[in-house]
Structures are given as structure tokens and as C-alpha cells.
Amino acid sequence: MTVNGQAIQDVGVLNMAPLKRSASFTISVDKVEVGKAIKYAEPLKDIAENDEEEWSGDEGDDFVEEVIIKGADWESVNYIVKKFSCEDEVTGMDVSDRYIVAQYFLDPVIDVFDRKSQKLLHHLEGHEYGGQAVQILGQILYSGSKDCTFRTWDLKTGKALSKVSDHKDYIQSMKVKEVCITGLGEDGEVTAAVTGGAADHLINVYNTNEDGALTKRFTLEGHSGWVNNIDITNTMIISGSQDCTIKLWDLETGELFQSLKQDAEISCLRLFPMLEGYVIFGDGESKMSLLDLGSGRTIHLMPNTLVGTGRYRRSSKYHDKSVDTFHVSDNGYIITASSGSKFVKIWKIENYEEDVTKTDVTELQILRDHTDYLSVIGVQKDTIFSTSGDGTIYLHRFPEGKQHYDMLRTQERNSVAVLYQGPQIGFAPTVEKPTVLCEGKLCKAGKSGLAKSSSSFEVCFALKPLSRSLTEGKLIVPQTILEDSEDDSDCEFVIEYVTDDEEDESDYDM
């Protein structure tokens, strides 16, 4: 045998050390002798004749332990997909046991559908423009619009109930929640409704009830950017803004408790259901982080991102652009979406119970059904509802109470080296830890490392007509990576698989 023209003494045997870099080489085969792989002590015919036992099918090695996880199995690939179309781009959506509510970008009408049949139930008319803030609580719908008004509706009858106009610009965000505040309402139980403004940077706080009435309590001022997200506890209002701050306000008095500066603008935010006293939020750099409400400490979650089948690269990126909407399930999964992406992603969050700094997030799968950029997602029980710019609403229903199989995940981490090709040529820095403590303006998390998320990488194989003898072959490691993003970056990427071998790269003895 000869390799690249060099003779090899041991005919038919080729010894190769593990490759550390992608490479190509040509192998010419002069003569190959193949010995028997298996030698039987008895002829196969005799074995068959002497085998009197019949296989029962109850072999222990084939036993699969029954595993049923609590709640929806977001890790399963056996989900059911349905879709239906709306009249305009959906920019606001909420889902309950009975209803799907769609609010549009331009059309001022709000549509109410039956959740099971997707049949249109009501056209709610009253707003002058579209919007992106709707929420269902019981039989009452709350909506905020670009016409600067905040309205309530009866979902049974489709009738308008109340209207207030306390914002100077359109309503960007909203949260309605039943809370318990000592001294307010009967036994301290009250339903609080809070709205966040766009260019006016205001937060308005209301009391509401089962009749949909709205009574303003006070206005909060302090943000210098759009108020993108709001959540409520029994004691606090938590607001996230484009001014890169998360502010904590006293729900009873409106007093500002704390203003916590972050290293990027806040794009989405909610209470973290897995750990009491924490908020989870996404930002404009496509990071996701945990905020300790007690200490004010921010912990960036550095995910294991899929880069090829069964291969991971730890990164800071959940999407190519900002994480604009997400849901955290009670059984430990995160579902995320970005307005700069067509894909819904599902992640597993682990190891947070004993030490939050060891929280580990791993990407499991990507839902690729949408053909336009996403606008909003919602989750109700076992179903993900997602919509995009073409007005289509997709329903991905996942199994519940069925046999659970863990998604195949290699224990090998950072097994892929990513090389920038272009103005900033060189290897992307490696992220070693699952979390990074935020250092405020000086924080480097998300500023370096893998610049793209998993949905940007695709390995391409080019097949060419046979032009050589079959006894001569050429092994080429694929290195073409395509970007599925329309941003202005002029960098290209090459993924190179590496090993843990510490030997020098030149030691390739054949």
C-alpha cells in the first residue's frame, strides 16, 4: 500500500493518530488482504441443528425502564403540529384553557379564537391602532395599544368593559396578577394591573376586579428607556427597560427599592419558577441571566449550544439576536424565541438546586416550521403557540404521561473549535464555566466567544461525479458553514473538530 506516494510495509494496515485539525489526504490501495472477522468452533449448520431452545423475546438486555416525567415532555420529538392563519401579523398573543387571543401590528381589531377548535369567536373593536400587550385573567381580557389606551373586555360576550388613557405614548408591556397586600382590598387580596410605556418611559399601576374595572393608584417614573417587561410579586413590581436597568418598586407605595444596572438592554423578564427570590431575563446581546432579588447579583447562564449532531460548544448566545420572549416550564425546560430568528428553541436547565452558580443550560432541539421571523410565543399546558410575520400561528403539542427518553447528549464539551474567517480571523475564545457573574459595564460575557447561535451553522456536503478508480479514494473533512441570519456581519465560520490528545500536531506516523 502507498500513502501519498510513500510505501508502507504492513500491507492492508493503516495506523493513524487522532487528527487535531481538519485535513485531507489520498490513499491508494495496491493490495488488501482481509482475514475472517469471526471463526466458529462449529459449522453454522450444526449450531442451528443443536439449538433446541426458542427465543422467548424476554431477554434482560432489551428491558427499557419506564420513565414518566411530570408535565409535558418538551424533550420528545413525537410532537403534533397544527397551524391556522390570521388576517395580519400577530404581535401580541395570550392563551388560556379556553381562548387564544391575537393582537395585530396595524389592524386595531383583536381576535378571540377557541383554543381547541381554533374557531373565531369574537372581533373586539375599540382600539384605534394595533399593539403587542394582551393578557387573559379568568374571563377578562386586558389589552394595551399604540393608541395609548388600556382596555378590558368580557371574553364571554365580546363586549368592551373599561378604558383608561394615562400613557403619553403607546403601551409596550403589561402584567396583571392577583396578589395579597396587607391593608388593600378584602383580606389584602387585590388584582393589580401594571402597564409600561414606550417613549414616555412611564409605569402606571391600577387596581382591577372581576368586572374589569380599572382604578389608577399611581405612576412610577425613573426609567430612561422603553419599559419592555414587567412582573409582579406580592410586594414588588419588577421592570426591565432598554436603559439596561432592572428596577424594583414597592407594590404598596410605589417607592423605588433598587435600580440594578445590567450590561445590556433588557428584552424580556419574568420570575424564575424553579428558585424563589430569582428573576430570569433575556437581553439585547442574546444572553439569558438570573437576578438574585435579595443580593442584586446577576449570573449569566452560558449554554451548551449545539454545533453539529451530538457536539456542543459552550457559548453565551441563545439566538443570533436578542432573546425577545421565553417561557420557563415547571419541570425544568426553557422555550425561547427571537424576532431576528425563524426558530423556536427548547433548552434543559439543570444543577440549580444546591448552588445557583452551577446552573447548566443545554440546547435540546429546534422547531423549524415557521417561514418568517417570529414575533411572539405562548405556552399553555403541553402546547407551544408561536406566531411570525406572515400571520400564521403554529401549535406544537408535546406528549404528557408517556415514556420519556433523554435527548442524546455527548458528555464532551467544547469539542468544536470555531475559527473566524474575515476581518477578525482567529479562534473564538472558549467559555469554560456554565455561569459567569456579571461585572456591569466591564462584563465581558457575550462580548467575545462564539458569535452565532446553533441555528446559524449548517454543514454542507458537495457530491461530485466519479472521476477516479474505486481503488483510490479521497477523504475530505467538510468545512463549509452557512449563516441563516441577515445581519451585516462579514465574518464566515469554519468548525473544526478537535481531540483531547496532547501530542504535537506533527506526530502523524503512518
# chains A, B, ... in the order shown; residues from 1 in each chain; ligands from 1
$ residues_around --residues "A:Ser329" --least-positions-apart "2" --cutoff "10 Å" --atoms "only C-alpha atoms" --output "PyMOL selection string"
chain A and resi 71-72+74+272-274+326-327+331-335+348-349+379-382
$ residues_around --residues "A:Arg217" --least-positions-apart "5" --cutoff "7 Å" --atoms "only C-alpha atoms" --output "list of chain:residue names"
A:Val205, A:Tyr206, A:Asn207
$ write_last_selection --atoms "N, CA and C atoms" --output "mmCIF file, in the first residue's frame"
data_model
loop_
_atom_site.group_PDB
_atom_site.id
_atom_site.type_symbol
_atom_site.label_atom_id
_atom_site.label_comp_id
_atom_site.auth_asym_id
_atom_site.auth_seq_id
_atom_site.Cartn_x
_atom_site.Cartn_y
_atom_site.Cartn_z
ATOM 1 N N VAL A 205 -49.882 51.987 37.550
ATOM 2 C CA VAL A 205 -50.329 50.896 38.411
ATOM 3 C C VAL A 205 -51.814 51.088 38.715
ATOM 4 N N TYR A 206 -52.597 50.008 38.501
ATOM 5 C CA TYR A 206 -54.047 50.061 38.686
ATOM 6 C C TYR A 206 -54.496 48.915 39.605
ATOM 7 N N ASN A 207 -55.664 49.112 40.208
ATOM 8 C CA ASN A 207 -56.420 48.020 40.791
ATOM 9 C C ASN A 207 -57.520 47.642 39.815
#
$ select_by_dssp --residues "stretch 183-409 of chain A" --states "strand (DSSP E)" --output "PyMOL selection string"
chain A and resi 189-197+203-208+214-220+227-232+236-241+245-250+256-261+266-271+278-283+288-292+298-301+304-306+312-314+325-328+333-337+344-350+360-367+374-380+383-388+392-397
$ closest_atom_pairs --of "stretch 195-249 of chain A" --to "stretch 260-269 of chain A" --cutoff "12 Å" --atoms "only C-alpha atoms" --output "JSON lines"
{"residue": "A:His223", "atom": "CA", "partner": "A:Lys261", "partner_atom": "CA", "distance": 11.3}
{"residue": "A:Ser224", "atom": "CA", "partner": "A:Glu265", "partner_atom": "CA", "distance": 11.5}
{"residue": "A:Gly225", "atom": "CA", "partner": "A:Glu265", "partner_atom": "CA", "distance": 9.1}
{"residue": "A:Trp226", "atom": "CA", "partner": "A:Ile266", "partner_atom": "CA", "distance": 9.6}
{"residue": "A:Val227", "atom": "CA", "partner": "A:Ile266", "partner_atom": "CA", "distance": 8.8}
{"residue": "A:Asn228", "atom": "CA", "partner": "A:Ser267", "partner_atom": "CA", "distance": 6.1}
{"residue": "A:Asn229", "atom": "CA", "partner": "A:Cys268", "partner_atom": "CA", "distance": 5.7}
{"residue": "A:Ile230", "atom": "CA", "partner": "A:Leu269", "partner_atom": "CA", "distance": 6.9}
{"residue": "A:Asp231", "atom": "CA", "partner": "A:Leu269", "partner_atom": "CA", "distance": 7.4}
{"residue": "A:Ile232", "atom": "CA", "partner": "A:Leu269", "partner_atom": "CA", "distance": 10.9}
{"residue": "A:Ile237", "atom": "CA", "partner": "A:Leu269", "partner_atom": "CA", "distance": 11.9}
{"residue": "A:Ile238", "atom": "CA", "partner": "A:Leu269", "partner_atom": "CA", "distance": 8.6}
{"residue": "A:Ser239", "atom": "CA", "partner": "A:Leu269", "partner_atom": "CA", "distance": 8.0}
{"residue": "A:Gly240", "atom": "CA", "partner": "A:Ile266", "partner_atom": "CA", "distance": 5.4}
{"residue": "A:Ser241", "atom": "CA", "partner": "A:Ile266", "partner_atom": "CA", "distance": 5.3}
{"residue": "A:Gln242", "atom": "CA", "partner": "A:Glu265", "partner_atom": "CA", "distance": 4.5}
{"residue": "A:Asp243", "atom": "CA", "partner": "A:Glu265", "partner_atom": "CA", "distance": 5.9}
{"residue": "A:Cys244", "atom": "CA", "partner": "A:Glu265", "partner_atom": "CA", "distance": 4.0}
{"residue": "A:Thr245", "atom": "CA", "partner": "A:Lys261", "partner_atom": "CA", "distance": 4.5}
{"residue": "A:Ile246", "atom": "CA", "partner": "A:Leu260", "partner_atom": "CA", "distance": 5.2}
{"residue": "A:Lys247", "atom": "CA", "partner": "A:Leu260", "partner_atom": "CA", "distance": 6.1}
{"residue": "A:Leu248", "atom": "CA", "partner": "A:Leu260", "partner_atom": "CA", "distance": 8.2}
{"residue": "A:Trp249", "atom": "CA", "partner": "A:Leu260", "partner_atom": "CA", "distance": 11.6}
$ residues_around --residues "A:Ile377" --least-positions-apart "5" --cutoff "8 Å" --atoms "only C-alpha atoms" --output "PDB file with N, CA and C atoms, in the first residue's frame"
ATOM      1  N   MET A  93     -50.084  38.131  21.824  1.00  0.00           N
ATOM      2  CA  MET A  93     -50.850  36.882  21.909  1.00  0.00           C
ATOM      3  C   MET A  93     -50.870  36.395  23.354  1.00  0.00           C
ATOM      4  N   THR A 325     -38.583  36.734  23.754  1.00  0.00           N
ATOM      5  CA  THR A 325     -39.679  36.116  24.507  1.00  0.00           C
ATOM      6  C   THR A 325     -39.272  34.712  24.913  1.00  0.00           C
ATOM      7  N   PHE A 326     -39.716  34.272  26.087  1.00  0.00           N
ATOM      8  CA  PHE A 326     -39.361  32.934  26.560  1.00  0.00           C
ATOM      9  C   PHE A 326     -40.396  32.461  27.570  1.00  0.00           C
ATOM     10  N   ALA A 337     -37.504  32.385  21.952  1.00  0.00           N
ATOM     11  CA  ALA A 337     -37.679  32.850  20.581  1.00  0.00           C
ATOM     12  C   ALA A 337     -37.087  34.245  20.453  1.00  0.00           C
ATOM     13  N   ILE A 384     -46.990  24.579  22.694  1.00  0.00           N
ATOM     14  CA  ILE A 384     -46.305  25.834  22.386  1.00  0.00           C
ATOM     15  C   ILE A 384     -47.064  26.523  21.262  1.00  0.00           C
ATOM     16  N   PHE A 385     -47.486  27.750  21.491  1.00  0.00           N
ATOM     17  CA  PHE A 385     -48.150  28.565  20.481  1.00  0.00           C
ATOM     18  C   PHE A 385     -47.143  29.615  20.012  1.00  0.00           C
ATOM     19  N   SER A 386     -46.899  29.677  18.718  1.00  0.00           N
ATOM     20  CA  SER A 386     -45.917  30.633  18.202  1.00  0.00           C
ATOM     21  C   SER A 386     -46.434  31.258  16.914  1.00  0.00           C
ATOM     22  N   THR A 387     -46.065  32.497  16.713  1.00  0.00           N
ATOM     23  CA  THR A 387     -46.536  33.204  15.523  1.00  0.00           C
ATOM     24  C   THR A 387     -45.407  34.030  14.927  1.00  0.00           C
TER      25      THR A 387
END
$ residues_around --residues "A:Gly158" --least-positions-apart "3" --cutoff "8 Å" --atoms "only C-alpha atoms" --output "list in words"
His122, His123, Leu124, Trp153, Asp154 and Leu155 of chain A
$ closest_residue --among "A:Val307, A:Ala193, A:Leu256, A:Ala160" --to "A:Glu221" --atoms "only C-alpha atoms"
A:Leu256
$ atom_distance --atom1 "atom CA of A:Lys175" --atom2 "atom CA of A:Thr195"
6.6 Å
$ residues_around --residues "A:Glu125" --least-positions-apart "6" --cutoff "8 Å" --atoms "only C-alpha atoms" --output "ChimeraX atom specification"
/A:108-110
$ atom_distance --atom1 "atom CA of A:Glu350" --atom2 "atom CA of A:Val328"
12.4 Å
